[in-house]
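Everything below belongs to work_21.txt, which stores compact mmCIF, C-alpha atoms.
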# COMPACT_ATOMS: atom_id res chain seq x y z
CA MET A 1 5.24 -32.88 17.90
CA ILE A 2 1.84 -32.11 19.41
CA ILE A 3 0.84 -28.48 19.82
CA PHE A 4 -2.42 -27.93 21.63
CA ASN A 5 -4.86 -25.19 20.75
CA PRO A 6 -3.24 -22.22 22.53
CA ALA A 7 -6.50 -20.97 24.05
CA ILE A 8 -7.24 -24.42 25.49
CA SER A 9 -3.68 -24.77 26.78
CA LEU A 10 -3.92 -21.44 28.59
CA VAL A 11 -7.29 -22.20 30.16
CA CYS A 12 -6.23 -25.71 31.21
CA ALA A 13 -2.92 -24.44 32.62
CA PHE A 14 -4.75 -21.77 34.58
CA ILE A 15 -7.43 -24.11 35.99
CA TYR A 16 -4.99 -26.90 36.85
CA SER A 17 -2.51 -24.53 38.51
CA LEU A 18 -5.28 -22.84 40.44
CA ILE A 19 -6.92 -25.99 41.80
CA LEU A 20 -3.61 -27.52 42.74
CA SER A 21 -2.45 -24.33 44.45
CA PHE A 22 -5.47 -24.33 46.74
CA SER A 23 -5.61 -28.07 47.52
CA GLU A 24 -3.70 -30.60 49.53
CA PHE A 25 -1.56 -32.82 47.37
CA ASN A 26 -3.31 -35.96 46.15
CA ILE A 27 -2.14 -38.70 43.81
CA PHE A 28 -4.83 -38.03 41.16
CA TYR A 29 -3.23 -34.64 40.43
CA ILE A 30 -0.54 -36.53 38.57
CA LEU A 31 -3.06 -37.70 35.94
CA PRO A 32 -2.73 -34.64 33.61
CA VAL A 33 1.05 -34.81 33.95
CA LEU A 34 1.06 -38.49 33.04
CA PHE A 35 -1.16 -37.74 30.05
CA LEU A 36 1.23 -35.07 28.75
CA MET A 37 4.22 -37.33 29.39
CA PHE A 38 2.51 -40.10 27.46
CA ILE A 39 1.71 -38.03 24.37
CA ASP A 40 5.03 -36.19 24.22
CA SER A 41 7.54 -38.66 25.64
CA LYS A 42 10.46 -37.27 23.60
CA ASN A 43 10.66 -34.10 25.64
CA ILE A 44 10.49 -35.65 29.12
CA LEU A 45 14.23 -35.61 29.72
CA PHE A 46 14.59 -32.05 28.51
CA VAL A 47 11.71 -30.89 30.74
CA LEU A 48 13.10 -32.79 33.72
CA LYS A 49 16.44 -31.03 33.29
CA LYS A 50 14.67 -27.67 33.37
CA LEU A 51 12.67 -28.75 36.41
CA LEU A 52 15.84 -29.89 38.15
CA PHE A 53 17.38 -26.48 37.60
CA LEU A 54 14.26 -24.77 38.97
CA ASN A 55 14.44 -27.04 42.00
CA LEU A 56 17.45 -25.09 43.21
CA PHE A 57 14.95 -22.40 44.07
CA ILE A 58 12.02 -24.64 45.04
CA PHE A 59 14.20 -26.68 47.37
CA THR A 60 15.30 -23.52 49.18
CA ILE A 61 11.64 -22.70 49.80
CA PHE A 62 11.10 -26.27 50.99
CA ILE A 63 13.91 -25.88 53.57
CA PHE A 64 12.56 -22.56 54.79
CA VAL A 65 8.98 -23.86 55.14
CA TRP A 66 10.29 -26.97 56.96
CA ILE A 67 12.17 -24.78 59.44
CA GLN A 68 9.35 -22.26 59.85
CA ALA A 69 6.36 -24.65 59.81
CA SER A 70 6.43 -28.43 59.51
CA PHE A 71 7.90 -31.13 57.31
CA PHE A 72 4.43 -32.20 56.14
CA GLU A 73 3.57 -28.68 54.97
CA ALA A 74 6.97 -28.26 53.34
CA ILE A 75 6.73 -31.50 51.36
CA ASN A 76 3.16 -30.66 50.37
CA ILE A 77 4.21 -27.29 48.93
CA TYR A 78 7.31 -28.83 47.37
CA LEU A 79 5.34 -31.52 45.51
CA ARG A 80 2.56 -29.19 44.38
CA THR A 81 5.00 -26.58 43.09
CA ASN A 82 6.95 -29.19 41.19
CA ILE A 83 3.85 -30.72 39.65
CA ILE A 84 2.44 -27.36 38.58
CA ILE A 85 5.73 -26.37 36.94
CA PHE A 86 6.19 -29.80 35.39
CA PHE A 87 2.67 -29.71 33.92
CA ASN A 88 3.14 -26.22 32.48
CA LEU A 89 6.56 -27.04 31.08
CA LEU A 90 5.21 -30.14 29.36
CA LEU A 91 2.23 -28.21 28.02
CA PHE A 92 4.21 -25.30 26.57
CA ILE A 93 7.51 -26.98 25.74
CA ASN A 94 6.81 -26.93 22.00
CA SER A 95 5.58 -23.35 22.08
CA LYS A 96 7.79 -20.55 20.78
CA GLY A 97 6.03 -17.98 22.93
CA LEU A 98 3.90 -16.78 20.07
CA ASP A 99 1.28 -19.49 20.67
CA ILE A 100 0.65 -18.10 24.12
CA ILE A 101 -0.05 -14.65 22.65
CA ARG A 102 -2.32 -16.25 20.06
CA GLY A 103 -4.05 -18.03 22.93
CA PHE A 104 -4.78 -14.71 24.64
CA SER A 105 -6.04 -13.36 21.32
CA LEU A 106 -8.38 -16.35 20.88
CA LEU A 107 -9.62 -15.85 24.43
CA LYS A 108 -10.51 -12.25 23.48
CA PHE A 109 -8.18 -10.57 25.94
CA PRO A 110 -7.99 -6.76 25.58
CA LYS A 111 -6.23 -5.55 22.42
CA ARG A 112 -3.74 -3.43 24.36
CA PHE A 113 -2.78 -6.39 26.55
CA ILE A 114 -2.16 -8.58 23.49
CA SER A 115 -0.13 -5.98 21.61
CA THR A 116 1.95 -5.20 24.73
CA PHE A 117 2.56 -8.91 25.26
CA TYR A 118 3.43 -9.37 21.58
CA PHE A 119 5.91 -6.49 21.43
CA SER A 120 7.52 -7.59 24.70
CA TRP A 121 7.98 -11.06 23.19
CA LYS A 122 9.40 -9.50 20.02
CA MET A 123 11.80 -7.33 22.02
CA ILE A 124 13.02 -10.34 24.04
CA LEU A 125 13.56 -12.25 20.78
CA GLU A 126 15.57 -9.40 19.27
CA LEU A 127 17.65 -8.89 22.38
CA GLN A 128 18.32 -12.63 22.50
CA THR A 129 19.64 -12.40 18.92
CA GLU A 130 21.78 -9.40 19.86
CA PHE A 131 23.12 -11.24 22.90
CA ARG A 132 23.94 -14.28 20.76
CA ASN A 133 25.77 -12.04 18.29
CA ILE A 134 27.75 -10.44 21.11
CA LYS A 135 28.63 -13.87 22.50
CA THR A 136 29.86 -14.96 19.05
CA THR A 137 31.93 -11.78 18.81
CA LEU A 138 33.48 -12.50 22.21
CA ILE A 139 34.45 -16.00 21.08
CA THR A 140 35.86 -14.83 17.74
CA ARG A 141 37.82 -12.06 19.49
CA SER A 142 39.42 -14.50 21.93
CA PHE A 143 37.63 -13.35 25.05
CA HIS A 144 38.32 -15.54 28.09
CA ASN A 145 36.52 -15.43 31.40
CA LYS A 146 38.88 -14.38 34.16
CA THR A 147 38.57 -12.52 37.43
CA ASN A 148 39.98 -9.11 36.71
CA LEU A 149 38.80 -5.56 36.17
CA PHE A 150 39.00 -5.73 32.39
CA ILE A 151 36.58 -8.66 32.25
CA TYR A 152 34.09 -6.87 34.51
CA GLN A 153 34.43 -3.76 32.35
CA THR A 154 33.71 -5.87 29.28
CA TYR A 155 30.58 -7.29 30.91
CA GLY A 156 29.55 -3.75 31.81
CA ASN A 157 30.08 -2.67 28.21
CA ILE A 158 27.99 -5.59 26.95
CA LEU A 159 25.12 -4.63 29.26
CA GLY A 160 25.43 -1.01 28.15
CA LEU A 161 25.47 -2.11 24.52
CA LEU A 162 22.34 -4.20 25.00
CA PHE A 163 20.65 -1.25 26.69
CA ILE A 164 21.54 1.11 23.82
CA LYS A 165 20.44 -1.48 21.26
CA SER A 166 17.12 -1.89 23.02
CA MET A 167 16.65 1.90 23.03
CA GLN A 168 17.37 2.02 19.30
CA LYS A 169 15.01 -0.88 18.63
CA ALA A 170 12.31 0.81 20.66
CA GLN A 171 12.75 4.04 18.66
CA ASN A 172 12.61 2.12 15.36
CA LEU A 173 9.49 0.33 16.53
CA LYS A 174 7.89 3.66 17.45
CA ASP A 175 8.66 4.92 13.93
CA SER A 176 7.11 1.77 12.46
CA PHE A 177 3.96 2.33 14.53
CA GLU A 178 3.65 5.75 13.02
CA LEU A 179 4.51 4.74 9.46
CA ARG A 180 2.14 1.81 9.40
CA GLY A 181 -0.77 3.39 11.20
CA PHE A 182 -0.65 1.24 14.32
CA ASN A 183 -3.59 2.01 16.59
CA GLY A 184 -2.96 -0.35 19.47
CA GLU A 185 -4.22 -3.52 17.84
CA ILE A 186 -2.34 -6.51 16.49
CA PHE A 187 -4.25 -8.65 14.01
CA PHE A 188 -3.82 -12.38 14.00
CA ASN A 189 -5.04 -14.60 11.25
CA ASP A 190 -5.88 -17.54 13.45
CA ASN A 191 -7.73 -20.53 12.14
CA TYR A 192 -7.13 -23.05 14.90
CA LYS A 193 -9.32 -26.11 15.03
CA PHE A 194 -10.02 -28.43 17.94
CA ASP A 195 -7.87 -31.51 17.76
CA LYS A 196 -8.64 -34.79 19.49
CA TYR A 197 -5.74 -34.06 21.87
CA ASP A 198 -7.42 -30.81 22.90
CA PHE A 199 -10.51 -32.78 23.89
CA TYR A 200 -8.39 -35.31 25.80
CA LEU A 201 -6.70 -32.45 27.67
CA ILE A 202 -10.02 -30.82 28.58
CA PHE A 203 -11.40 -34.19 29.67
CA ILE A 204 -8.43 -34.97 31.90
CA ILE A 205 -8.51 -31.51 33.53
CA LEU A 206 -12.27 -31.82 34.13
CA LEU A 207 -11.73 -35.29 35.58
CA THR A 208 -9.11 -33.88 37.95
CA LEU A 209 -11.51 -31.11 38.93
CA ILE A 210 -14.29 -33.64 39.62
CA LEU A 211 -11.97 -35.90 41.64
CA ARG A 212 -10.81 -32.91 43.66
CA TYR A 213 -14.38 -32.24 44.82
CA PHE A 214 -15.51 -35.83 45.28
CA ILE A 215 -12.50 -37.50 46.86
CA MET B 1 4.90 17.00 -14.86
CA SER B 2 3.14 17.28 -11.47
CA CYS B 3 5.39 16.95 -8.45
CA SER B 4 4.81 14.30 -5.82
CA ILE B 5 7.56 15.54 -3.52
CA THR B 6 9.13 18.97 -3.34
CA LEU B 7 11.87 19.96 -0.94
CA LYS B 8 12.71 23.65 -0.57
CA ASN B 9 15.82 24.74 1.32
CA ILE B 10 15.81 21.76 3.66
CA SER B 11 18.53 21.91 6.31
CA TYR B 12 19.16 19.42 9.06
CA SER B 13 21.58 19.23 11.98
CA ASN B 14 22.41 16.27 14.09
CA LYS B 15 23.23 17.76 17.53
CA ASP B 16 26.03 20.29 16.77
CA ASN B 17 26.85 18.90 13.36
CA ILE B 18 25.12 20.32 10.25
CA LEU B 19 24.48 17.33 8.00
CA PHE B 20 23.06 19.20 5.02
CA GLU B 21 21.69 22.63 4.21
CA ASN B 22 19.45 24.24 1.61
CA ILE B 23 18.57 21.02 -0.15
CA ASN B 24 16.18 21.45 -3.06
CA LEU B 25 14.63 18.50 -4.82
CA SER B 26 11.53 17.74 -6.87
CA VAL B 27 10.29 14.26 -7.64
CA GLY B 28 7.64 14.04 -10.34
CA HIS B 29 4.75 11.65 -10.80
CA GLU B 30 6.09 8.11 -11.27
CA GLU B 31 9.63 9.49 -11.39
CA LYS B 32 12.45 7.48 -9.85
CA VAL B 33 15.23 9.40 -8.15
CA ALA B 34 18.32 7.94 -6.50
CA ILE B 35 20.52 9.51 -3.86
CA ILE B 36 24.01 8.27 -3.21
CA GLY B 37 26.67 9.48 -0.80
CA SER B 38 29.24 8.40 1.75
CA ASN B 39 28.34 7.00 5.15
CA GLY B 40 27.10 9.56 7.65
CA VAL B 41 26.33 12.38 5.20
CA GLY B 42 22.65 12.28 6.12
CA LYS B 43 20.99 10.30 3.32
CA SER B 44 18.83 8.33 5.73
CA SER B 45 17.97 11.47 7.70
CA LEU B 46 16.81 13.16 4.50
CA LEU B 47 14.59 10.19 3.72
CA LYS B 48 13.21 10.22 7.28
CA ILE B 49 12.31 13.89 6.85
CA ILE B 50 10.39 13.05 3.67
CA ALA B 51 8.79 10.05 5.41
CA GLY B 52 7.55 12.35 8.17
CA ILE B 53 9.34 10.70 11.08
CA GLU B 54 12.02 13.36 11.51
CA GLU B 55 10.59 16.73 12.39
CA SER B 56 13.59 18.73 13.53
CA PHE B 57 14.54 20.27 10.18
CA PHE B 58 14.40 23.67 8.57
CA GLY B 59 12.86 24.40 5.19
CA GLU B 60 9.70 23.37 3.41
CA LEU B 61 8.46 19.92 2.54
CA TYR B 62 5.59 19.57 0.07
CA LEU B 63 3.70 16.38 -0.67
CA PHE B 64 1.43 16.64 -3.70
CA HIS B 65 1.76 20.45 -3.48
CA HIS B 66 0.62 20.53 0.16
CA LEU B 67 2.98 22.12 2.63
CA ILE B 68 3.74 19.73 5.49
CA LYS B 69 4.41 21.63 8.68
CA ASP B 70 4.10 18.87 11.27
CA LYS B 71 3.07 15.27 11.85
CA LYS B 72 -0.58 16.32 11.96
CA ASP B 73 -0.34 17.61 8.37
CA TYR B 74 1.41 14.40 7.39
CA LYS B 75 -1.36 12.19 8.75
CA LYS B 76 -3.61 12.46 5.69
CA PHE B 77 -0.73 11.42 3.44
CA ARG B 78 0.46 8.59 5.66
CA PHE B 79 -0.75 5.81 3.37
CA GLU B 80 0.27 7.73 0.23
CA VAL B 81 3.91 7.37 1.26
CA GLY B 82 5.55 3.99 1.74
CA TYR B 83 8.84 4.03 3.60
CA LEU B 84 11.21 1.07 3.75
CA PRO B 85 13.77 1.70 6.49
CA GLN B 86 17.36 0.50 6.33
CA ASP B 87 16.97 -1.71 9.40
CA ILE B 88 13.78 -3.64 8.84
CA SER B 89 13.96 -5.74 12.01
CA SER B 90 11.58 -3.34 13.76
CA PHE B 91 9.41 -2.77 10.71
CA PHE B 92 7.31 -5.88 11.15
CA LEU B 93 4.34 -5.60 13.45
CA SER B 94 2.93 -9.12 13.10
CA PRO B 95 4.49 -12.56 13.42
CA THR B 96 3.75 -14.25 10.09
CA VAL B 97 4.19 -12.97 6.54
CA ILE B 98 0.50 -12.92 5.64
CA GLU B 99 -0.49 -11.26 8.92
CA ASP B 100 2.10 -8.52 8.51
CA VAL B 101 1.17 -7.83 4.90
CA MET B 102 -2.50 -7.63 5.94
CA PHE B 103 -1.69 -5.35 8.88
CA SER B 104 -1.93 -1.94 7.19
CA LEU B 105 -5.27 -2.83 5.63
CA ARG B 106 -6.78 -4.21 8.82
CA THR B 107 -5.67 -1.22 10.83
CA THR B 108 -7.70 0.97 8.47
CA GLY B 109 -10.77 -1.14 9.19
CA ILE B 110 -10.86 -3.40 6.13
CA ASN B 111 -12.34 -6.76 7.05
CA LYS B 112 -10.22 -9.86 7.50
CA ASP B 113 -11.32 -11.74 4.35
CA GLU B 114 -10.84 -8.78 2.01
CA ALA B 115 -7.45 -7.96 3.55
CA TYR B 116 -6.45 -11.62 3.23
CA GLN B 117 -7.35 -11.72 -0.47
CA LYS B 118 -5.47 -8.51 -1.19
CA ALA B 119 -2.46 -9.78 0.73
CA LEU B 120 -2.47 -12.99 -1.30
CA GLU B 121 -2.56 -10.95 -4.52
CA ILE B 122 0.40 -8.82 -3.53
CA LEU B 123 2.39 -11.86 -2.37
CA GLU B 124 1.69 -13.57 -5.68
CA GLN B 125 2.71 -10.44 -7.57
CA LEU B 126 6.03 -10.35 -5.71
CA GLU B 127 6.43 -14.13 -6.13
CA ILE B 128 6.59 -14.90 -2.41
CA LEU B 129 3.22 -16.59 -2.00
CA HIS B 130 4.98 -19.74 -0.77
CA LEU B 131 6.20 -17.79 2.29
CA LYS B 132 2.77 -16.68 3.44
CA ASP B 133 2.56 -18.73 6.64
CA ARG B 134 6.20 -18.45 7.61
CA ILE B 135 7.35 -16.60 10.73
CA ILE B 136 9.06 -13.43 9.46
CA TYR B 137 12.04 -13.66 11.81
CA GLU B 138 12.93 -17.05 10.37
CA LEU B 139 13.26 -15.70 6.81
CA SER B 140 16.46 -14.62 5.09
CA GLY B 141 17.36 -10.92 4.84
CA GLY B 142 16.35 -10.78 1.16
CA GLU B 143 13.00 -12.43 1.80
CA GLN B 144 12.34 -10.07 4.72
CA LYS B 145 12.99 -7.05 2.47
CA ILE B 146 10.47 -8.32 -0.09
CA VAL B 147 7.91 -9.03 2.66
CA ALA B 148 8.41 -5.49 3.99
CA LEU B 149 7.92 -4.16 0.47
CA ALA B 150 4.70 -6.18 0.18
CA GLY B 151 3.51 -4.67 3.48
CA ILE B 152 4.10 -1.22 2.01
CA LEU B 153 2.69 -1.87 -1.46
CA ILE B 154 -0.58 -3.30 -0.18
CA THR B 155 -1.84 0.19 0.73
CA LYS B 156 -1.09 1.32 -2.85
CA PRO B 157 1.11 4.29 -1.91
CA LYS B 158 1.87 6.88 -4.60
CA ILE B 159 5.38 7.47 -3.29
CA LEU B 160 8.00 4.92 -2.25
CA LEU B 161 10.97 5.87 -0.10
CA LEU B 162 13.56 3.10 -0.01
CA ASP B 163 16.55 3.31 2.27
CA GLU B 164 19.24 0.88 1.10
CA PRO B 165 16.79 -1.73 -0.21
CA THR B 166 19.61 -4.11 -1.15
CA ASN B 167 21.78 -3.55 1.89
CA ALA B 168 23.53 -6.82 2.85
CA LEU B 169 21.70 -8.84 0.20
CA ASP B 170 23.23 -11.39 -2.13
CA GLU B 171 23.28 -10.98 -5.89
CA GLU B 172 20.20 -13.12 -6.44
CA SER B 173 18.10 -11.16 -3.94
CA GLU B 174 19.35 -7.88 -5.43
CA LYS B 175 18.22 -9.01 -8.88
CA ARG B 176 14.77 -9.84 -7.50
CA ILE B 177 14.49 -6.42 -5.86
CA ILE B 178 15.54 -4.69 -9.12
CA LYS B 179 12.95 -6.68 -11.06
CA ILE B 180 10.24 -5.75 -8.56
CA LEU B 181 11.16 -2.06 -8.39
CA ASN B 182 11.35 -1.77 -12.17
CA SER B 183 7.86 -3.22 -12.45
CA ILE B 184 6.41 -0.64 -10.03
CA LYS B 185 5.17 2.60 -11.57
CA LYS B 186 5.35 5.00 -8.64
CA SER B 187 7.34 8.03 -7.56
CA MET B 188 10.41 6.73 -5.78
CA ILE B 189 13.41 7.97 -3.88
CA ILE B 190 16.00 5.27 -3.49
CA ILE B 191 19.09 5.49 -1.34
CA SER B 192 21.92 3.09 -1.96
CA HIS B 193 25.67 2.68 -1.91
CA HIS B 194 25.58 0.37 -4.91
CA LYS B 195 26.01 2.42 -8.04
CA SER B 196 25.44 -0.59 -10.28
CA PHE B 197 22.13 -1.27 -8.53
CA ILE B 198 20.98 2.35 -8.83
CA GLU B 199 21.88 2.55 -12.51
CA GLN B 200 19.57 -0.35 -13.27
CA LEU B 201 16.66 1.57 -11.77
CA THR B 202 16.99 5.18 -12.82
CA PRO B 203 19.21 7.60 -14.72
CA THR B 204 18.33 10.42 -12.26
CA ILE B 205 21.01 10.22 -9.61
CA TYR B 206 21.97 12.80 -7.00
CA LYS B 207 24.90 12.77 -4.64
CA LEU B 208 24.78 14.12 -1.11
CA GLU B 209 28.20 15.59 -0.58
CA ASN B 210 29.64 18.51 1.40
CA LYS B 211 26.18 19.20 2.86
CA LYS B 212 24.72 19.74 -0.64
CA LEU B 213 22.69 17.63 -3.04
CA ILE B 214 24.38 17.70 -6.41
CA ASP B 215 23.67 16.10 -9.79
CA TYR B 216 25.71 12.95 -10.20
CA LYS B 217 26.96 12.21 -13.66
What would you get if you wrote out this structure as C-alpha cells?
Amino acid sequence: MIIFNPAISLVCAFIYSLILSFSEFNIFYILPVLFLMFIDSKNILFVLKKLLFLNLFIFTIFIFVWIQASFFEAINIYLRTNIIIFFNLLLFINSKGLDIIRGFSLLKFPKRFISTFYFSWKMILELQTEFRNIKTTLITRSFHNKTNLFIYQTYGNILGLLFIKSMQKAQNLKDSFELRGFNGEIFFNDNYKFDKYDFYLIFIILLTLILRYFI
Amino acid sequence: MSCSITLKNISYSNKDNILFENINLSVGHEEKVAIIGSNGVGKSSLLKIIAGIEESFFGELYLFHHLIKDKKDYKKFRFEVGYLPQDISSFFLSPTVIEDVMFSLRTTGINKDEAYQKALEILEQLEILHLKDRIIYELSGGEQKIVALAGILITKPKILLLDEPTNALDEESEKRIIKILNSIKKSMIIISHHKSFIEQLTPTIYKLENKKLIDYK
C-alpha cells in the first residue's frame, strides 16, 4: 500500500483538478491517472465502483448540459469530471482522512482551520461508530424494513438519537478543551519524508502542466 | 495534614431534582479517597464540580486552601488537577497516542522535542511505550484509559479525579490500572461501582446515598 506525503498529495490534487477544470479535455490528462493505477492496481476495481456510483449524478449533469448546450460540451465536462474524481479517489483511497488534515498541517494552514477540520473528522468518526452500533442493535432486535408508520417513527428516533449523541459528544469535547487547556491549536508530530513515489507524482503533474501549455 | 481539596456544604440540583446537599469532604495531601453509590445519585456530578467543569452548585470549594468561586479562579489550578472522565471518547484531542500525551505540554508552550521526551518517559512508566504511534481510536478500552491517564499525568498534577477508571474493562486491564494507581503518590478521588477495585486502592471509602455523603464501612 503506497501512501503519498499528504502535503504533496493535496498540492498535486489541487493543481491537477484546477488545470483540468479550466482546460479542454486532452488525452495527456490521463497520464497521472495511469500512473496512480499502475502503482496501486489492487484498488482499481474498488475505486471504479465508487466512480460508477458517483456517475449517477455526473450523468444527470451530462444530460442537462447536452440538452441545454451541445453534445460536445456535455461529453467534455463529463470526461473531465470523471477524470478529476478518478484521480482524487486513487490518490486518497488509502487515506483515513487524517492524512489530509496532516497535509494541511504540513502546508502550514491556519491553526484554527486545522483544528476545526480535525474535530469535524473526529465527530464524523464517532457518529459513524454510533450509527454502526444502532444498525447492529436494529439487527439484533429483529428490525425489518417495511413501509409503515412504525418504521418511519423508528428512523425518526434514530436520527433524534444521533442528534442527541452528537450534542452530548460536543459537550464532552468542550469540557475536554477546558480540562486540557486547549487554545485552538492541535499539535501533530509529523516526520514525513519524501519518498520516490512523491517525486514521481510531482514529476507527472508537472509534465501534465507543461503539456497543457505547449500542446 | 494539609488539605488538597475541601468541600463545604456543597449542594447540587439537576433541573428540579436535588442530587445531593450539604456535602462536606476533605482530601489531604497524597490521600486517596473513594466514593461509591448507586447509579444517578450524582457521583459524577460531584467530581465534575471538583474538576471545575460544573459551576451550578451551592457551597464552597477549596483547592489548596484557595476558595474557588468561578472558572476564572480555577484557571490557575487547571494543571494541578487531572480529571479522567467516565466517557473518554471525547477526552482525546490528538490522533495518535504520543501526540495526545504530548498535547498538554505543547499547549503550555513547551517545545516539541522536550514534550516528546517527557511523553516517552510517561509511556514507559505506564508500560505502554509500544503503543506510541498507534491511532487512539483503534485501541482497546483498557489501553485508551491508560493513554488518557498518561495524558493527565504528564502535567504532573497534584490531584487526580478518576470517574469510573475501570468501567467496562476486563480483569487484566483492571489489574493494570490498580498497579498504576497504587504506584502514584497523589491526592485522589476515585469513583467506582466495583467495591473490590476500590478496596485495593484505599481504605477511605464514602458512599453517596440519600443526598448525603456518608462513611462507608
Worksheet item: To one decimal place, how far is atom CA of Lys185 of chain B from atom CA of Tyr83 of chain B in Å?
Response: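 Separation between atom CA of Lys185 of chain B and atom CA of Tyr83 of chain B: 15.7 Å.
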Chain A contacts on chain B, only C-alpha atoms, 6 Å, as a JSON list (two decimals) with C-alpha atoms, in the coordinates of the input:
[["chain", "number", "residue", "atom", "x", "y", "z"],
["B", 90, "SER", "CA", 11.58, -3.34, 13.76],
["B", 91, "PHE", "CA", 9.41, -2.77, 10.71],
["B", 104, "SER", "CA", -1.93, -1.94, 7.19]]
Practice prompt. Show which residues sit within 8 Å of segment 135-137 of chain B, as a list of chain:residue names. Count only C-alpha atoms, and ignore same-chain residues fewer than 6 positions away.
Written response: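 Non-adjacent residues within range: B:Phe92, B:Pro95, B:Thr96, B:Val97, B:Gln144.
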How would the residues just picked look written out with C-alpha atoms as an mmCIF file, in the frame of the given file?
data_model
loop_
_atom_site.group_PDB
_atom_site.id
_atom_site.type_symbol
_atom_site.label_atom_id
_atom_site.label_comp_id
_atom_site.auth_asym_id
_atom_site.auth_seq_id
_atom_site.Cartn_x
_atom_site.Cartn_y
_atom_site.Cartn_z
ATOM 1 C CA PHE B 92 7.310 -5.880 11.150
ATOM 2 C CA PRO B 95 4.490 -12.560 13.420
ATOM 3 C CA THR B 96 3.750 -14.250 10.090
ATOM 4 C CA VAL B 97 4.190 -12.970 6.540
ATOM 5 C CA GLN B 144 12.340 -10.070 4.720
#
Discussion item. Measuring between only C-alpha atoms, which one of A:Trp66, A:Tyr213, A:Phe28, A:Phe92 shows the shortest distance to Ser9 of chain A?
Written reply: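 Counting only C-alpha atoms, the residue closest to Ser9 of chain A is A:Phe92.
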Worksheet entry | Local residues around (0.4, 22.5, -6.3), at most 12 Å away, using only C-alpha atoms, as number ranges by chain | B: 1-6, 28, 62-67
Just segment 19-24 of chain A, please, as a PDB file, in the first residue's frame (only all heavy atoms).
ATOM      1  N   ILE A  19      -6.171  22.636 -13.200  1.00  0.00           N
ATOM      2  CA  ILE A  19      -5.823  22.768 -14.634  1.00  0.00           C
ATOM      3  C   ILE A  19      -6.819  22.024 -15.519  1.00  0.00           C
ATOM      4  O   ILE A  19      -7.170  22.479 -16.598  1.00  0.00           O
ATOM      5  CB  ILE A  19      -4.353  22.358 -14.967  1.00  0.00           C
ATOM      6  CG1 ILE A  19      -4.031  20.953 -14.497  1.00  0.00           C
ATOM      7  CG2 ILE A  19      -3.361  23.365 -14.449  1.00  0.00           C
ATOM      8  CD1 ILE A  19      -2.685  20.437 -15.011  1.00  0.00           C
ATOM      9  N   LEU A  20      -7.288  20.895 -15.024  1.00  0.00           N
ATOM     10  CA  LEU A  20      -8.240  20.136 -15.831  1.00  0.00           C
ATOM     11  C   LEU A  20      -9.608  20.819 -15.885  1.00  0.00           C
ATOM     12  O   LEU A  20     -10.303  20.766 -16.905  1.00  0.00           O
ATOM     13  CB  LEU A  20      -8.355  18.706 -15.274  1.00  0.00           C
ATOM     14  CG  LEU A  20      -9.024  17.658 -16.157  1.00  0.00           C
ATOM     15  CD1 LEU A  20      -8.451  17.658 -17.570  1.00  0.00           C
ATOM     16  CD2 LEU A  20      -8.865  16.271 -15.567  1.00  0.00           C
ATOM     17  N   SER A  21      -9.961  21.494 -14.793  1.00  0.00           N
ATOM     18  CA  SER A  21     -11.254  22.196 -14.754  1.00  0.00           C
ATOM     19  C   SER A  21     -11.314  23.327 -15.774  1.00  0.00           C
ATOM     20  O   SER A  21     -12.373  23.626 -16.314  1.00  0.00           O
ATOM     21  CB  SER A  21     -11.495  22.789 -13.367  1.00  0.00           C
ATOM     22  OG  SER A  21     -11.416  21.824 -12.407  1.00  0.00           O
ATOM     23  N   PHE A  22     -10.158  23.958 -15.995  1.00  0.00           N
ATOM     24  CA  PHE A  22     -10.143  25.124 -16.886  1.00  0.00           C
ATOM     25  C   PHE A  22      -9.529  24.817 -18.257  1.00  0.00           C
ATOM     26  O   PHE A  22      -9.014  25.708 -18.914  1.00  0.00           O
ATOM     27  CB  PHE A  22      -9.414  26.297 -16.211  1.00  0.00           C
ATOM     28  CG  PHE A  22     -10.170  26.813 -15.019  1.00  0.00           C
ATOM     29  CD1 PHE A  22      -9.774  26.472 -13.734  1.00  0.00           C
ATOM     30  CD2 PHE A  22     -11.287  27.611 -15.188  1.00  0.00           C
ATOM     31  CE1 PHE A  22     -10.488  26.940 -12.630  1.00  0.00           C
ATOM     32  CE2 PHE A  22     -11.998  28.076 -14.088  1.00  0.00           C
ATOM     33  CZ  PHE A  22     -11.597  27.733 -12.813  1.00  0.00           C
ATOM     34  N   SER A  23      -9.540  23.559 -18.661  1.00  0.00           N
ATOM     35  CA  SER A  23      -8.989  23.202 -19.980  1.00  0.00           C
ATOM     36  C   SER A  23      -9.980  22.327 -20.735  1.00  0.00           C
ATOM     37  O   SER A  23     -10.865  21.709 -20.131  1.00  0.00           O
ATOM     38  CB  SER A  23      -7.690  22.411 -19.826  1.00  0.00           C
ATOM     39  OG  SER A  23      -6.888  22.951 -18.836  1.00  0.00           O
ATOM     40  N   GLU A  24      -9.759  22.268 -22.029  1.00  0.00           N
ATOM     41  CA  GLU A  24     -10.500  21.295 -22.835  1.00  0.00           C
ATOM     42  C   GLU A  24      -9.890  19.928 -22.568  1.00  0.00           C
ATOM     43  O   GLU A  24      -8.688  19.818 -22.284  1.00  0.00           O
ATOM     44  CB  GLU A  24     -10.331  21.628 -24.329  1.00  0.00           C
ATOM     45  CG  GLU A  24     -11.018  22.903 -24.757  1.00  0.00           C
ATOM     46  CD  GLU A  24     -12.537  22.791 -24.761  1.00  0.00           C
ATOM     47  OE1 GLU A  24     -13.036  21.833 -25.379  1.00  0.00           O
ATOM     48  OE2 GLU A  24     -13.198  23.635 -24.128  1.00  0.00           O
TER      49      GLU A  24
END
